[in-house]
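Peer 1: Sharing my_file_22.cif (mmCIF, N, CA and C atoms) below.
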```cif
data_my_file
#
loop_
_atom_site.label_atom_id
_atom_site.label_comp_id
_atom_site.auth_asym_id
_atom_site.auth_seq_id
_atom_site.Cartn_x
_atom_site.Cartn_y
_atom_site.Cartn_z
N MET P 1 58.65 180.16 73.27
CA MET P 1 57.97 181.08 72.40
C MET P 1 56.63 181.44 73.03
N LEU P 2 56.34 182.71 73.06
CA LEU P 2 55.10 183.18 73.66
C LEU P 2 53.96 182.96 72.70
N MET P 3 52.92 182.33 73.21
CA MET P 3 51.79 182.01 72.34
C MET P 3 50.60 182.88 72.75
N HIS P 4 50.01 183.54 71.81
CA HIS P 4 48.86 184.39 72.08
C HIS P 4 47.63 183.80 71.40
N LEU P 5 46.54 183.85 72.07
CA LEU P 5 45.31 183.30 71.53
C LEU P 5 44.55 184.41 70.82
N ARG P 6 44.08 184.13 69.62
CA ARG P 6 43.32 185.13 68.87
C ARG P 6 41.85 185.04 69.20
N ALA P 7 41.35 183.85 69.31
CA ALA P 7 39.92 183.67 69.58
C ALA P 7 39.68 183.86 71.06
N ARG P 8 38.57 184.49 71.38
CA ARG P 8 38.22 184.68 72.79
C ARG P 8 37.67 183.38 73.33
N ALA P 9 38.31 182.89 74.33
CA ALA P 9 37.89 181.63 74.95
C ALA P 9 37.12 181.95 76.22
N ARG P 10 36.22 181.09 76.56
CA ARG P 10 35.50 181.23 77.83
C ARG P 10 36.49 180.99 78.95
N ILE P 11 36.57 181.93 79.85
CA ILE P 11 37.56 181.84 80.93
C ILE P 11 36.89 181.32 82.19
N GLU P 12 37.40 180.22 82.68
CA GLU P 12 36.92 179.66 83.93
C GLU P 12 37.80 180.19 85.04
N PRO P 13 37.22 180.77 86.11
CA PRO P 13 38.05 181.39 87.13
C PRO P 13 38.84 180.42 88.00
N PHE P 14 38.40 179.21 88.14
CA PHE P 14 39.12 178.28 89.00
C PHE P 14 39.35 176.95 88.27
N PHE P 15 40.54 176.45 88.41
CA PHE P 15 40.88 175.16 87.81
C PHE P 15 41.38 174.25 88.91
N VAL P 16 40.91 173.04 88.91
CA VAL P 16 41.36 172.06 89.89
C VAL P 16 42.03 170.92 89.13
N LYS P 17 43.23 170.59 89.54
CA LYS P 17 43.99 169.53 88.87
C LYS P 17 44.25 168.40 89.85
N LEU P 18 44.13 167.19 89.36
CA LEU P 18 44.48 166.02 90.17
C LEU P 18 45.86 165.56 89.75
N ARG P 19 46.74 165.41 90.75
CA ARG P 19 48.10 164.96 90.47
C ARG P 19 48.46 163.81 91.39
N GLN P 20 48.78 162.69 90.84
CA GLN P 20 49.27 161.52 91.56
C GLN P 20 48.47 161.23 92.82
N GLY P 21 47.15 161.20 92.68
CA GLY P 21 46.30 160.81 93.79
C GLY P 21 46.01 161.91 94.80
N SER P 22 46.67 163.07 94.70
CA SER P 22 46.37 164.14 95.65
C SER P 22 45.69 165.29 94.91
N LEU P 23 44.98 166.08 95.64
CA LEU P 23 44.26 167.20 95.06
C LEU P 23 45.11 168.45 95.19
N ALA P 24 45.49 169.04 94.06
CA ALA P 24 46.24 170.30 94.06
C ALA P 24 45.35 171.37 93.43
N VAL P 25 45.18 172.47 94.13
CA VAL P 25 44.32 173.53 93.63
C VAL P 25 45.19 174.56 92.92
N ASP P 26 44.84 174.84 91.69
CA ASP P 26 45.55 175.82 90.88
C ASP P 26 44.58 176.99 90.71
N LEU P 27 44.75 178.05 91.49
CA LEU P 27 43.78 179.14 91.55
C LEU P 27 44.15 180.25 90.59
N LYS P 28 43.34 180.39 89.55
CA LYS P 28 43.53 181.45 88.56
C LYS P 28 42.23 182.23 88.44
N VAL P 29 42.34 183.55 88.35
CA VAL P 29 41.16 184.39 88.23
C VAL P 29 41.25 185.22 86.95
N PRO P 30 40.11 185.45 86.30
CA PRO P 30 40.12 186.25 85.08
C PRO P 30 40.34 187.73 85.39
N ILE P 31 41.15 188.37 84.57
CA ILE P 31 41.42 189.80 84.73
C ILE P 31 41.33 190.50 83.38
N LYS P 32 41.18 191.81 83.43
CA LYS P 32 41.28 192.65 82.24
C LYS P 32 42.64 193.31 82.28
N ILE P 33 43.26 193.44 81.10
CA ILE P 33 44.60 194.01 80.99
C ILE P 33 44.52 195.21 80.05
N ALA P 34 45.23 196.29 80.41
CA ALA P 34 45.29 197.47 79.55
C ALA P 34 46.75 197.86 79.35
N ASP P 35 47.22 197.73 78.11
CA ASP P 35 48.56 198.20 77.75
C ASP P 35 48.40 199.65 77.29
N GLU P 36 48.99 200.58 78.03
CA GLU P 36 48.83 202.01 77.74
C GLU P 36 49.96 202.49 76.85
N LEU P 37 49.58 202.99 75.68
CA LEU P 37 50.51 203.65 74.78
C LEU P 37 50.21 205.15 74.88
N SER P 38 51.04 206.00 74.29
CA SER P 38 50.82 207.44 74.45
C SER P 38 49.49 207.89 73.86
N ASP P 39 49.01 207.27 72.76
CA ASP P 39 47.77 207.72 72.12
C ASP P 39 46.67 206.67 72.07
N GLU P 40 46.90 205.48 72.61
CA GLU P 40 45.86 204.45 72.58
C GLU P 40 46.05 203.46 73.72
N VAL P 41 45.00 202.72 73.98
CA VAL P 41 45.02 201.66 74.99
C VAL P 41 44.69 200.36 74.29
N ILE P 42 45.54 199.35 74.49
CA ILE P 42 45.32 198.03 73.92
C ILE P 42 44.76 197.15 75.03
N ASN P 43 43.53 196.68 74.85
CA ASN P 43 42.85 195.88 75.87
C ASN P 43 43.05 194.40 75.61
N ALA P 44 43.09 193.66 76.71
CA ALA P 44 43.25 192.20 76.63
C ALA P 44 42.61 191.59 77.87
N THR P 45 42.52 190.28 77.87
CA THR P 45 42.09 189.54 79.04
C THR P 45 43.16 188.49 79.34
N GLY P 46 43.15 187.98 80.55
CA GLY P 46 44.11 186.95 80.92
C GLY P 46 43.68 186.28 82.21
N LEU P 47 44.49 185.33 82.65
CA LEU P 47 44.24 184.63 83.91
C LEU P 47 45.40 184.91 84.86
N LEU P 48 45.10 185.52 86.01
CA LEU P 48 46.10 185.80 87.02
C LEU P 48 46.20 184.61 87.97
N ASP P 49 47.39 184.05 88.07
CA ASP P 49 47.66 182.95 89.00
C ASP P 49 47.91 183.57 90.37
N LEU P 50 47.00 183.33 91.31
CA LEU P 50 47.10 183.94 92.64
C LEU P 50 48.21 183.34 93.48
N ALA P 51 48.81 182.26 93.05
CA ALA P 51 49.93 181.67 93.79
C ALA P 51 51.27 182.27 93.33
N SER P 52 51.44 182.44 92.02
CA SER P 52 52.73 182.87 91.50
C SER P 52 52.77 184.32 91.02
N GLY P 53 51.62 184.89 90.70
CA GLY P 53 51.59 186.24 90.14
C GLY P 53 51.75 186.27 88.63
N GLU P 54 51.95 185.10 88.02
CA GLU P 54 52.06 185.05 86.55
C GLU P 54 50.69 185.21 85.91
N ILE P 55 50.67 185.79 84.73
CA ILE P 55 49.42 185.98 83.99
C ILE P 55 49.50 185.11 82.74
N HIS P 56 48.51 184.25 82.58
CA HIS P 56 48.49 183.29 81.48
C HIS P 56 47.33 183.59 80.53
N ARG P 57 47.38 182.97 79.38
CA ARG P 57 46.30 183.03 78.38
C ARG P 57 45.88 184.46 78.05
N VAL P 58 46.87 185.29 77.75
CA VAL P 58 46.58 186.67 77.37
C VAL P 58 45.97 186.69 75.98
N THR P 59 44.79 187.30 75.88
CA THR P 59 44.06 187.38 74.62
C THR P 59 43.77 188.86 74.34
N TYR P 60 44.33 189.36 73.26
CA TYR P 60 44.14 190.76 72.91
C TYR P 60 42.81 190.97 72.21
N GLU P 61 42.21 192.14 72.44
CA GLU P 61 40.95 192.51 71.79
C GLU P 61 41.27 193.48 70.66
N ASP P 62 40.86 193.16 69.45
CA ASP P 62 41.06 194.03 68.29
C ASP P 62 42.52 194.42 68.09
N TYR P 63 43.42 193.48 68.31
CA TYR P 63 44.86 193.74 68.15
C TYR P 63 45.52 192.44 67.72
N ASP P 64 46.23 192.48 66.60
CA ASP P 64 46.89 191.29 66.07
C ASP P 64 48.38 191.35 66.42
N VAL P 65 48.76 190.62 67.46
CA VAL P 65 50.13 190.65 67.93
C VAL P 65 51.10 190.09 66.89
N ASP P 66 50.64 189.16 66.03
CA ASP P 66 51.50 188.60 65.00
C ASP P 66 51.88 189.64 63.94
N VAL P 67 51.01 190.59 63.71
CA VAL P 67 51.26 191.65 62.72
C VAL P 67 51.91 192.87 63.37
N GLU P 68 51.39 193.29 64.52
CA GLU P 68 51.81 194.54 65.14
C GLU P 68 52.88 194.39 66.22
N GLY P 69 53.17 193.16 66.64
CA GLY P 69 54.14 192.94 67.70
C GLY P 69 53.54 193.16 69.08
N LEU P 70 54.32 192.87 70.10
CA LEU P 70 53.86 193.06 71.47
C LEU P 70 53.72 194.55 71.78
N PRO P 71 52.68 194.93 72.50
CA PRO P 71 52.53 196.34 72.86
C PRO P 71 53.74 196.90 73.61
N VAL P 72 54.37 196.09 74.46
CA VAL P 72 55.53 196.54 75.23
C VAL P 72 56.70 196.92 74.33
N ASP P 73 56.74 196.41 73.11
CA ASP P 73 57.83 196.73 72.19
C ASP P 73 57.57 198.00 71.38
N SER P 74 56.39 198.58 71.51
CA SER P 74 56.06 199.80 70.79
C SER P 74 56.86 200.98 71.36
N GLU P 75 57.27 201.89 70.49
CA GLU P 75 58.06 203.05 70.93
C GLU P 75 57.29 203.94 71.90
N ASP P 76 55.96 203.98 71.79
CA ASP P 76 55.17 204.85 72.66
C ASP P 76 54.50 204.10 73.81
N TYR P 77 55.03 202.90 74.14
CA TYR P 77 54.52 202.13 75.28
C TYR P 77 54.82 202.90 76.57
N GLU P 78 53.82 202.96 77.47
CA GLU P 78 54.02 203.65 78.74
C GLU P 78 53.96 202.71 79.93
N PHE P 79 52.87 201.95 80.10
CA PHE P 79 52.75 201.02 81.23
C PHE P 79 51.59 200.07 80.98
N THR P 80 51.48 199.05 81.86
CA THR P 80 50.40 198.08 81.77
C THR P 80 49.72 197.98 83.13
N SER P 81 48.40 197.92 83.11
CA SER P 81 47.64 197.78 84.36
C SER P 81 46.62 196.67 84.20
N GLY P 82 46.09 196.22 85.32
CA GLY P 82 45.10 195.15 85.31
C GLY P 82 43.93 195.49 86.21
N ILE P 83 42.81 194.83 85.96
CA ILE P 83 41.63 194.99 86.79
C ILE P 83 41.05 193.62 87.10
N LEU P 84 40.84 193.37 88.38
CA LEU P 84 40.17 192.17 88.85
C LEU P 84 38.78 192.62 89.29
N SER P 85 37.73 192.02 88.73
CA SER P 85 36.36 192.45 89.01
C SER P 85 35.54 191.33 89.64
N ASN P 86 34.61 191.75 90.50
CA ASN P 86 33.67 190.80 91.10
C ASN P 86 32.41 191.56 91.49
N ASN P 87 31.28 191.17 90.92
CA ASN P 87 29.98 191.78 91.25
C ASN P 87 30.00 193.30 91.17
N GLY P 88 30.59 193.84 90.11
CA GLY P 88 30.60 195.28 89.90
C GLY P 88 31.65 196.04 90.69
N LYS P 89 32.47 195.34 91.46
CA LYS P 89 33.54 195.97 92.23
C LYS P 89 34.87 195.62 91.58
N ASP P 90 35.78 196.60 91.52
CA ASP P 90 37.05 196.42 90.83
C ASP P 90 38.25 196.66 91.74
N VAL P 91 39.31 195.92 91.50
CA VAL P 91 40.61 196.15 92.12
C VAL P 91 41.58 196.38 90.97
N GLU P 92 42.20 197.57 90.93
CA GLU P 92 43.15 197.89 89.87
C GLU P 92 44.57 197.70 90.40
N PHE P 93 45.48 197.26 89.52
CA PHE P 93 46.84 196.97 89.94
C PHE P 93 47.80 197.12 88.77
N GLY P 94 49.07 197.26 89.09
CA GLY P 94 50.11 197.37 88.08
C GLY P 94 50.58 196.00 87.62
N ILE P 95 50.94 195.93 86.33
CA ILE P 95 51.44 194.68 85.74
C ILE P 95 52.81 194.95 85.14
N LYS P 96 53.72 194.04 85.35
CA LYS P 96 55.05 194.10 84.74
C LYS P 96 55.05 193.22 83.50
N VAL P 97 55.75 193.65 82.45
CA VAL P 97 55.87 192.86 81.23
C VAL P 97 57.35 192.62 80.96
N ASN P 98 57.73 191.35 80.85
CA ASN P 98 59.11 191.00 80.53
C ASN P 98 59.32 191.26 79.05
N LYS P 99 60.20 192.22 78.71
CA LYS P 99 60.42 192.59 77.31
C LYS P 99 61.05 191.47 76.49
N THR P 100 61.77 190.58 77.13
CA THR P 100 62.42 189.48 76.41
C THR P 100 61.43 188.38 76.05
N THR P 101 60.59 187.99 77.02
CA THR P 101 59.69 186.86 76.80
C THR P 101 58.25 187.28 76.49
N GLY P 102 57.90 188.51 76.84
CA GLY P 102 56.52 188.96 76.66
C GLY P 102 55.60 188.49 77.76
N GLN P 103 56.14 187.84 78.80
CA GLN P 103 55.34 187.31 79.91
C GLN P 103 54.82 188.45 80.78
N TYR P 104 53.51 188.43 81.03
CA TYR P 104 52.88 189.38 81.95
C TYR P 104 52.89 188.78 83.34
N SER P 105 53.12 189.64 84.38
CA SER P 105 53.09 189.16 85.76
C SER P 105 52.94 190.35 86.71
N VAL P 106 52.69 190.04 87.96
CA VAL P 106 52.69 191.04 89.02
C VAL P 106 53.77 190.67 90.02
N THR P 107 54.33 191.67 90.68
CA THR P 107 55.37 191.41 91.68
C THR P 107 54.74 190.76 92.91
N ALA P 108 55.58 190.19 93.76
CA ALA P 108 55.09 189.55 94.99
C ALA P 108 54.37 190.56 95.88
N ASP P 109 54.94 191.77 95.99
CA ASP P 109 54.31 192.81 96.81
C ASP P 109 52.96 193.22 96.23
N GLU P 110 52.91 193.36 94.91
CA GLU P 110 51.65 193.74 94.25
C GLU P 110 50.61 192.63 94.40
N LEU P 111 51.04 191.37 94.32
CA LEU P 111 50.14 190.24 94.48
C LEU P 111 49.53 190.21 95.88
N LEU P 112 50.34 190.46 96.90
CA LEU P 112 49.83 190.52 98.26
C LEU P 112 48.82 191.67 98.40
N GLU P 113 49.13 192.81 97.82
CA GLU P 113 48.22 193.95 97.85
C GLU P 113 46.90 193.63 97.14
N ILE P 114 46.97 192.95 96.01
CA ILE P 114 45.76 192.55 95.27
C ILE P 114 44.89 191.65 96.15
N LYS P 115 45.51 190.66 96.77
CA LYS P 115 44.76 189.72 97.61
C LYS P 115 44.10 190.44 98.78
N THR P 116 44.83 191.34 99.42
CA THR P 116 44.31 192.08 100.58
C THR P 116 43.16 192.99 100.16
N ARG P 117 43.38 193.76 99.10
CA ARG P 117 42.34 194.69 98.65
C ARG P 117 41.12 193.95 98.12
N ALA P 118 41.35 192.86 97.40
CA ALA P 118 40.23 192.08 96.85
C ALA P 118 39.40 191.45 97.97
N ALA P 119 40.08 190.90 98.96
CA ALA P 119 39.36 190.28 100.07
C ALA P 119 38.50 191.32 100.79
N ALA P 120 39.06 192.48 101.03
CA ALA P 120 38.33 193.54 101.72
C ALA P 120 37.17 194.05 100.87
N LEU P 121 37.44 194.34 99.61
CA LEU P 121 36.42 194.91 98.73
C LEU P 121 35.30 193.92 98.45
N PHE P 122 35.66 192.71 98.08
CA PHE P 122 34.66 191.73 97.67
C PHE P 122 33.86 191.19 98.85
N ALA P 123 34.47 191.18 100.04
CA ALA P 123 33.75 190.71 101.22
C ALA P 123 33.04 191.85 101.94
N GLY P 124 33.29 193.09 101.49
CA GLY P 124 32.64 194.24 102.10
C GLY P 124 33.26 194.63 103.43
N LEU P 125 34.52 194.26 103.65
CA LEU P 125 35.21 194.59 104.90
C LEU P 125 36.15 195.77 104.69
N SER P 126 36.32 196.59 105.71
CA SER P 126 37.31 197.66 105.66
C SER P 126 38.63 197.11 106.19
N ALA P 127 39.71 197.85 105.97
CA ALA P 127 41.01 197.44 106.50
C ALA P 127 40.96 197.38 108.02
N GLN P 128 40.22 198.31 108.64
CA GLN P 128 40.09 198.30 110.10
C GLN P 128 39.36 197.04 110.58
N ASP P 129 38.31 196.63 109.83
CA ASP P 129 37.59 195.41 110.20
C ASP P 129 38.52 194.20 110.14
N MET P 130 39.33 194.12 109.09
CA MET P 130 40.25 192.99 108.94
C MET P 130 41.30 193.00 110.05
N LEU P 131 41.82 194.19 110.40
CA LEU P 131 42.81 194.29 111.47
C LEU P 131 42.21 193.90 112.81
N ALA P 132 41.00 194.39 113.08
CA ALA P 132 40.32 194.05 114.34
C ALA P 132 40.08 192.55 114.44
N SER P 133 39.68 191.93 113.34
CA SER P 133 39.45 190.49 113.33
C SER P 133 40.75 189.73 113.59
N ALA P 134 41.84 190.17 112.96
CA ALA P 134 43.14 189.51 113.16
C ALA P 134 43.61 189.67 114.59
N GLU P 135 43.42 190.88 115.16
CA GLU P 135 43.83 191.12 116.54
C GLU P 135 43.01 190.28 117.52
N ALA P 136 41.72 190.18 117.25
CA ALA P 136 40.84 189.39 118.11
C ALA P 136 41.26 187.93 118.10
N LYS P 137 41.61 187.42 116.94
CA LYS P 137 42.03 186.01 116.83
C LYS P 137 43.35 185.77 117.55
N SER P 138 44.23 186.78 117.56
CA SER P 138 45.53 186.60 118.20
C SER P 138 45.51 186.97 119.68
N GLY P 139 44.36 187.49 120.16
CA GLY P 139 44.25 187.86 121.58
C GLY P 139 44.81 189.22 121.89
N LYS P 140 45.11 190.04 120.85
CA LYS P 140 45.70 191.36 121.07
C LYS P 140 44.68 192.49 120.98
N GLY P 141 43.42 192.15 120.84
CA GLY P 141 42.38 193.18 120.74
C GLY P 141 42.19 193.88 122.06
N LYS P 142 41.23 194.80 122.14
CA LYS P 142 40.99 195.60 123.32
C LYS P 142 40.68 194.74 124.54
N GLY P 143 40.03 193.60 124.31
CA GLY P 143 39.72 192.71 125.42
C GLY P 143 40.81 191.71 125.69
N GLY P 144 41.87 191.71 124.88
CA GLY P 144 42.95 190.72 125.01
C GLY P 144 43.99 191.16 126.01
N LYS P 145 45.09 190.41 126.08
CA LYS P 145 46.15 190.70 127.05
C LYS P 145 47.16 191.65 126.50
#
```
Can you dump the structure from the file as structure tokens?

Peer 2:
Amino acid sequence: MLMHLRARARIEPFFVKLRQGSLAVDLKVPIKIADELSDEVINATGLLDLASGEIHRVTYEDYDVDVEGLPVDSEDYEFTSGILSNNGKDVEFGIKVNKTTGQYSVTADELLEIKTRAAALFAGLSAQDMLASAEAKSGKGKGGK
């Protein structure tokens, strides 16, 4: 059963879990979610798991899912998008919603694109800078073999 939180909880971007004596890092980042209907946008927040692409702890703003149902089940539902923000810079991406379970997630291809764009945007690097750096490390740059 899909559980939705009504109260806005403070979202911590990174969680570290200890399991059986070893350190396992569970990397989740806070995102904004927008469910687009034909005449309105339903806003929410959640945690994007950068390892799996699953989105957890979805909390709707000014929307009671227990009364109104999931936005994806609305007749005028169009699509869902997400925004990952850092220091005033945003990365926008598409979100898939499983109509059966209500689980929000991003595809593997979309997750890779999010990671690439976020790394470039948040670090202030262009795609060319990242490619040049990768080529230099592999020895394939202009000075390489």

Peer 1: One number please: atom CA of P:Lys115 to atom CA of P:Pro71, in Å, one decimal.

Peer 2: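 Atom-to-atom, atom CA of P:Lys115 and atom CA of P:Pro71 are spaced 26.8 Å apart.
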
Peer 1: List the residues selected by the PyMOL selection byres ((chain P and resi 61-65) around 8) in the file shown, writing them as a PyMOL selection string.

Peer 2: chain P and resi 4+6+42-45+58-60+66-71

Peer 1: Can you work out the spacing between atom C of P:Ser52 and atom CA of P:Asn87 in Å, to one decimal?

Peer 2: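 Computed distance, atom C of P:Ser52 to atom CA of P:Asn87, equals 24.0 Å.
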
Peer 1: Taking the file as I've supplied it (selection: the PyMOL selection byres ((chain P and resi 31) around 5)), which residues are included? Please answer as a PyMOL selection string.

Peer 2: chain P and resi 29-30+32-33+45-47+83-84

Peer 1: For P:Tyr77, please output as a list of chain:residue names all residues within 5 Å (counting all atoms listed in the file; exclusion window: fewer than 2 positions along the same chain).

Peer 2: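 Here the answer would be P:Glu36, P:Leu37, P:Ser74, P:Glu75, P:Phe79.
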
Peer 1: So the first atom is atom CA of P:Glu135 and the second is atom CA of P:Phe122; what is the distance between them in Å, to one decimal place?

Peer 2: 21.0 Å
